[in-house]
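These notes concern the structure reproduced below.
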Amino acid sequence: VPVPVLVLSAAPAAWLPALQLLRRGSKAVTRHWKAMHFQRQKLLALTEYVRPRPAVPPRCLPRRAPEGQQEDGYARVLRRQVEQTLRGSRMVAVCQYNSLPEEDVATLRHFLRRHNIHVHFVFNEVVRPVLAQSKYRNLLPLFVCRNILLVSPQAPAREMLRVLKGVPQVNLLGACIDDTILSRQGVENFARLPSLEASQGQTVAALSLLSSQTSSLLQRGPAHLTALLDQHIRRLRDTGAATEPPLGQSTGDH
Amino acid sequence: EKMASKVSVVLRPVKSIMVRFCPFEPNVESTRKFLQCIYHKKIQATNTNCEVTTDVRHDGSEPVVDVMFADGDRLIMKGAHLTTGEMLTALASRCNAKDLKEEQKNKKKNP
């Protein structure tokens with residue numbers, strides 16, 4: 001710190017400056033850290049800023065009711081996406097997702113996409129309000145921990161189960177197919193059902209069973225008679241091969 | 001996920017883990033979290049032979065974790081009133097104990 005020093009000298013002709021700045025140690029502005037002079041330290045400590053405090057501390061004042069949380073734009077976008085996916089799908093399956101390596105996730109997505117099943121990763125906080133207002137209210141208790149939604153405009157339950165069997169880390173919890181909420185067993189039973197055409201054919205066959213039985217009952221008498229007559233003709237023909245004309249004529253008269 | 005990395009479970013003495021729960025019940029959260037932690041890469045990396053089976057039912061039964069060890073022991077944890085941390089620490093402590101026992105046995109065999 002340059003210290004101003006008063007210098008008195010004997011020579012009267014020339015005069016020395018009243019103050020001579022002495023160099024003591026380093027300069028004022030250094031590249032290394034320099035300790036503050038003690039007087040400067042004291043001055044700064046004295047003149048520190050003191051915040052004006054209110055007369056009544058704020059915790060003694062009545063607290064305002066907590067405002068509703070600011071709606072996050074991103075959450076709104078995600079919610080809208082989920083709503084759109086749910087609206088356009090016939091089958092919504094909820095699975096628990098335990099961590100899979102990324103290639104496996106991509107492979108799973110690929111195999112499900114082959115059967116037109118879309119994989120949708122969801123956040124629980126985003127999905128819960130959407131579900132609470134839609135018809136999937138009863139699927140709410142499933143949304144704990146990490147989940148994924150498998151949505152599809154058709155209902156390929158058999159293929160989905162087959163793919164999921166090969167991935168032990170994704171566990172099917174429940175599904176809503178055609179406005180029916182199903183558990184895991186329900187989905188397996190649904191997969192075992194025959195196709196729509198086959199079941200329609202079965203229904204038609206069951207309905208027409210009674211009428212076909214009636215018609216066969218009604219036809220039993222005449223059919224029996226026809227069979228007997230045929231047998232009779234055959235026997236007559238066999239015996240008539242030996243004695244031809246008169247027996248042939250008598251049967252012709254009948 | 002954080003729990004899975006904090007509580008390091010060595011699954012070497014474990015032969016298989018069976019987790020059974022009913023997802024529509026309200027008391028399955030800890031069991032499901034436990035299942036999630038078990039499938040963490042670090043824990044799976046300790047023993048790739050360990051089979052983890054999940055049984056999802058809908059009969060209102062309680063969530064159960066059934067662990068079969070390689071030396072024939074069995075640990076059954078009923079997760080209805082347990083937290084995930086408790087289940088993980090219980091499993092970790094038993095695994096470590098069995099691991100130590102095995103190491104001592106191996107040391108005795110090959111001095």
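In the structure tokens, the first chain shown is A, the next is B, and so on; residue numbers restart at 1 for each chain, and ligands run from 1 in the order shown.
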
(message) Based on the backbone DSSP call, show me all residues of range 89-220 of chain A assigned strand (DSSP E or B), as a PyMOL selection string.
(response) chain A and resi 91-97+118-122+147-152+170-177+180-183

(request) Please report, as a ChimeraX atom specification, each residue of chain B to which DSSP assigns alpha helix (DSSP H) when run on this structure's backbone. (result) /B:2-6,29-38,41-46,84-109

(request) Pick out the chain B residues within 12 Å of chain A. Count only C-alpha atoms. Give them as a PyMOL selection string. (result) chain B and resi 1+4+19-44+51-60

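Between CA of Glu159 in chain A and CA of Phe190 in chain A the interatomic distance comes to 11.8 Å.
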
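Of note, CA of Val82 in chain A and CA of Arg128 in chain A are spaced 10.5 Å apart.
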
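Among the candidates B:Ala45, B:Leu75, B:Lys6, B:Ser61, the residue lying nearest to Cys95 in chain B is B:Leu75 (atoms considered: only C-alpha atoms).
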